[in-house]
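Participant: Quick one: the structure is below, questions incoming.
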Amino acid sequence: MKLTDLLAKLDYECIQGSLNREVPQVVYDSRKEAKDLEKGCLFICIEGAVFDGHQYAAEMVKKGAGVLVVSKPVDGVTDKDVTIIQVKNTRYAMAFISAAYFGNPAEKLRVIGITGTKGKTTTTYLVKSILENAGYKVGLVGTIETIIGDTHIHASNTTPESYVLQQYFAQMVEDGLDAVVMEVSSQALMQHRTQGFVFDYGIFTNLEPDHIGPNEHESFEDYMACKGLLFKQCKVGIVNGDDAHWEQVTAGHTCELESFGLGQECALRAENMELVHKPGELGVSFRVKGVMDFTVEVPTPGRFSVYNALTAIAICRHFNVEVEDIKKALLSAKVKGRIEMVKVSDDFTLLIDYAHNAMALESLLATLKEYKPNRLVCLFGCGGNRSRDRRFEMGEVSGRLADLTIITSDNPRFEEPQAIIEDIKVGISKTDGKYVEICDRKEAIAYAIANGETGDIIVLAGKGHEDYQEIKGVKYPMDERVLIQEILEGC
């Protein structure tokens, strides 16, 4: 591919070498071996929190790179035949270079981007379910996985690097997909991973303080501003009109805006919410009003489930999906590790959820208490080598809201599990909550099931979709669904 075509949508300066050359390959990872590089390839020097690709420029030239894209001077490059392109920001440049390299595949798809603090993962799966039920072929990019047809790729980041994202888009186009729904993290927006194309629909779910700290966002205002970048990169913005921050998030937007929520001013809204409680199952039903009018039931509990479903409906109405297809898809859609009901008994309800901080756990437990269980039982642990405050806070939340807390292990990493449990107990001690401690997670789950009482709701919190337990730098296979099955089979 011609270098000038790769750079066509960028402002740049050629500070060495010729622009008149072909580029056989685009690379941004300096760890690639020479045997994996095509001679004359283009290397993008990415400056990260730990590594700086500019330091490896000379090494990459020795491996065969013929073009360097930089944002500052590089040392040791003596070959004058090497073309050096300087740009203001190499991450931003990589997004456009990658899009061009893969043939601008997003232009051949309808792209839906969902941002917000909570609800992104669940909503992407709901949208995929609804659209596929209506006959569309839909890809997904998110926290848990990327789905391209029958291929499921484990996710390392909520939103992958721009090169990987464009590669996924290209594969979706090749496989004949019509649309893609993706989670868009604030980090991805801040690091320009979603540049190089325009979203057809940008969605804002909600905003709460999160991801603020070293190597993340310096303040809540910065976090909010990064979320807002999506609405300068989409054609239609769909926002939660009930969220207190929606106007600030969409300030300076360049897209059309429409709203959903519970408030009367929202264009699409939910009314007449009713809790649904069946043997071993929890759900909610509500009336969709405004620009659409029908009743829907969702097989997951609480107000946040209403918001997730309403978000999905607000998106899918732009695809002219029939009401019956929406209702059918919402009833059958399941998201691994997000309020995931696992049927073990008609007497009590067991569910798995990813709630792994105090904010998420409080929201979940408060929602479940609305169903007036005989007992609300919460099983959780906390990750090692993370803030101890999270342990104190989660312990206090569970002690205050649950009738019984079962403290166990999560991902201890390089800490001792019992030390983490002791920290959780400090939080619980601030309440009158009852608890037991069972360090082995499988034994803890077995205890919860064996002691389940009629009308109980039992929550296994913290692991969610994860299928491993990390101990001393090793990830051991551990899927709570498998553990439950083994327990029920007496293994």
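Letters for chains follow the order of the structure tokens (A, B, ...), residue numbers begin at 1 for each chain, and ligand numbers begin at 1 in the order shown.
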Quick one: residues within 9 Å of range 61-71 of chain A, only C-alpha atoms, excluding same-chain residues fewer than 4 positions away - as a PyMOL selection string?
Facilitator: chain A and resi 3+17+23+27+33-35+37-47+53-54+56-57+77+79+81-90+93-94
Participant: Using DSSP assignments from the backbone, pull out every residue in range 57-166 of chain A that falls under strand (DSSP E) and give it to me as a list in words.
Facilitator: Val67, Leu68, Val69, Val70, Thr83, Ile84, Ile85, Gln86, Arg110, Val111, Ile112, Gly113, Ile114, Thr115, Val138, Gly139, Leu140, Val141, Glu145, Thr146, Ile147, Ile148, Thr151, His152, Ile153 and His154 of chain A
Participant: Which is closer to Val482 in chain A than all the others in A:Phe380, A:Tyr468, A:Tyr12, A:Tyr223, using only C-alpha atoms?
Facilitator: A:Tyr468
Participant: Can you work out which one of A:Glu208, A:Asp346, A:Glu297, A:Glu324 has the shortest atom-to-atom distance to Gly455 in chain A, counting only C-alpha atoms?
Facilitator: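 With only C-alpha atoms as the atom set, the closest residue is A:Asp346.
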Participant: Restricting the calculation to only C-alpha atoms, which member of A:Gly252, A:Gly283, A:Gly116, A:Gly302 is positioned closest to Val239 in chain A?
Facilitator: A:Gly116
Participant: Give the answer as one residue: which of A:Phe392, A:Phe102, A:Ile458, A:Asp347 has the shortest atom-to-atom distance to Leu379 in chain A, using only C-alpha atoms?
Facilitator: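 Ranking A:Phe392, A:Phe102, A:Ile458, A:Asp347 by distance to Leu379 in chain A, first place goes to A:Ile458.
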Participant: Would you mind listing what lies within 9 Å of Gln233 in chain A as a PyMOL selection string, with only C-alpha atoms counted and same-chain residues fewer than 5 positions away left out?
Facilitator: chain A and resi 194-195+197-200+202+253-255
Participant: Those residues you just picked out, can you put them in a file as an mmCIF file, in the first residue's frame with N, CA and C atoms?
Facilitator:
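The result, written out as again.cif:
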```
data_model
loop_
_atom_site.group_PDB
_atom_site.id
_atom_site.type_symbol
_atom_site.label_atom_id
_atom_site.label_comp_id
_atom_site.auth_asym_id
_atom_site.auth_seq_id
_atom_site.Cartn_x
_atom_site.Cartn_y
_atom_site.Cartn_z
ATOM 1 N N THR A 194 -10.404 4.726 19.132
ATOM 2 C CA THR A 194 -11.598 4.678 18.278
ATOM 3 C C THR A 194 -11.610 5.804 17.247
ATOM 4 N N GLN A 195 -10.450 6.407 16.989
ATOM 5 C CA GLN A 195 -10.371 7.371 15.899
ATOM 6 C C GLN A 195 -10.226 6.617 14.575
ATOM 7 N N PHE A 197 -12.563 6.550 12.214
ATOM 8 C CA PHE A 197 -13.876 6.264 11.645
ATOM 9 C C PHE A 197 -14.923 7.032 12.442
ATOM 10 N N VAL A 198 -16.145 7.015 11.963
ATOM 11 C CA VAL A 198 -17.260 7.686 12.646
ATOM 12 C C VAL A 198 -18.283 6.630 13.054
ATOM 13 N N PHE A 199 -18.695 6.665 14.310
ATOM 14 C CA PHE A 199 -19.747 5.767 14.781
ATOM 15 C C PHE A 199 -21.084 6.201 14.175
ATOM 16 N N ASP A 200 -21.888 5.227 13.803
ATOM 17 C CA ASP A 200 -23.250 5.559 13.368
ATOM 18 C C ASP A 200 -24.087 5.982 14.572
ATOM 19 N N GLY A 202 -23.718 6.643 18.907
ATOM 20 C CA GLY A 202 -22.945 6.715 20.138
ATOM 21 C C GLY A 202 -23.906 6.770 21.307
ATOM 22 N N HIS A 253 -21.167 18.599 21.438
ATOM 23 C CA HIS A 253 -21.434 17.461 20.545
ATOM 24 C C HIS A 253 -21.624 17.929 19.101
ATOM 25 N N THR A 254 -21.298 17.052 18.181
ATOM 26 C CA THR A 254 -21.453 17.349 16.755
ATOM 27 C C THR A 254 -22.496 16.437 16.101
ATOM 28 N N CYS A 255 -23.217 15.692 16.935
ATOM 29 C CA CYS A 255 -24.181 14.711 16.429
ATOM 30 C C CYS A 255 -25.608 15.138 16.762
#
```
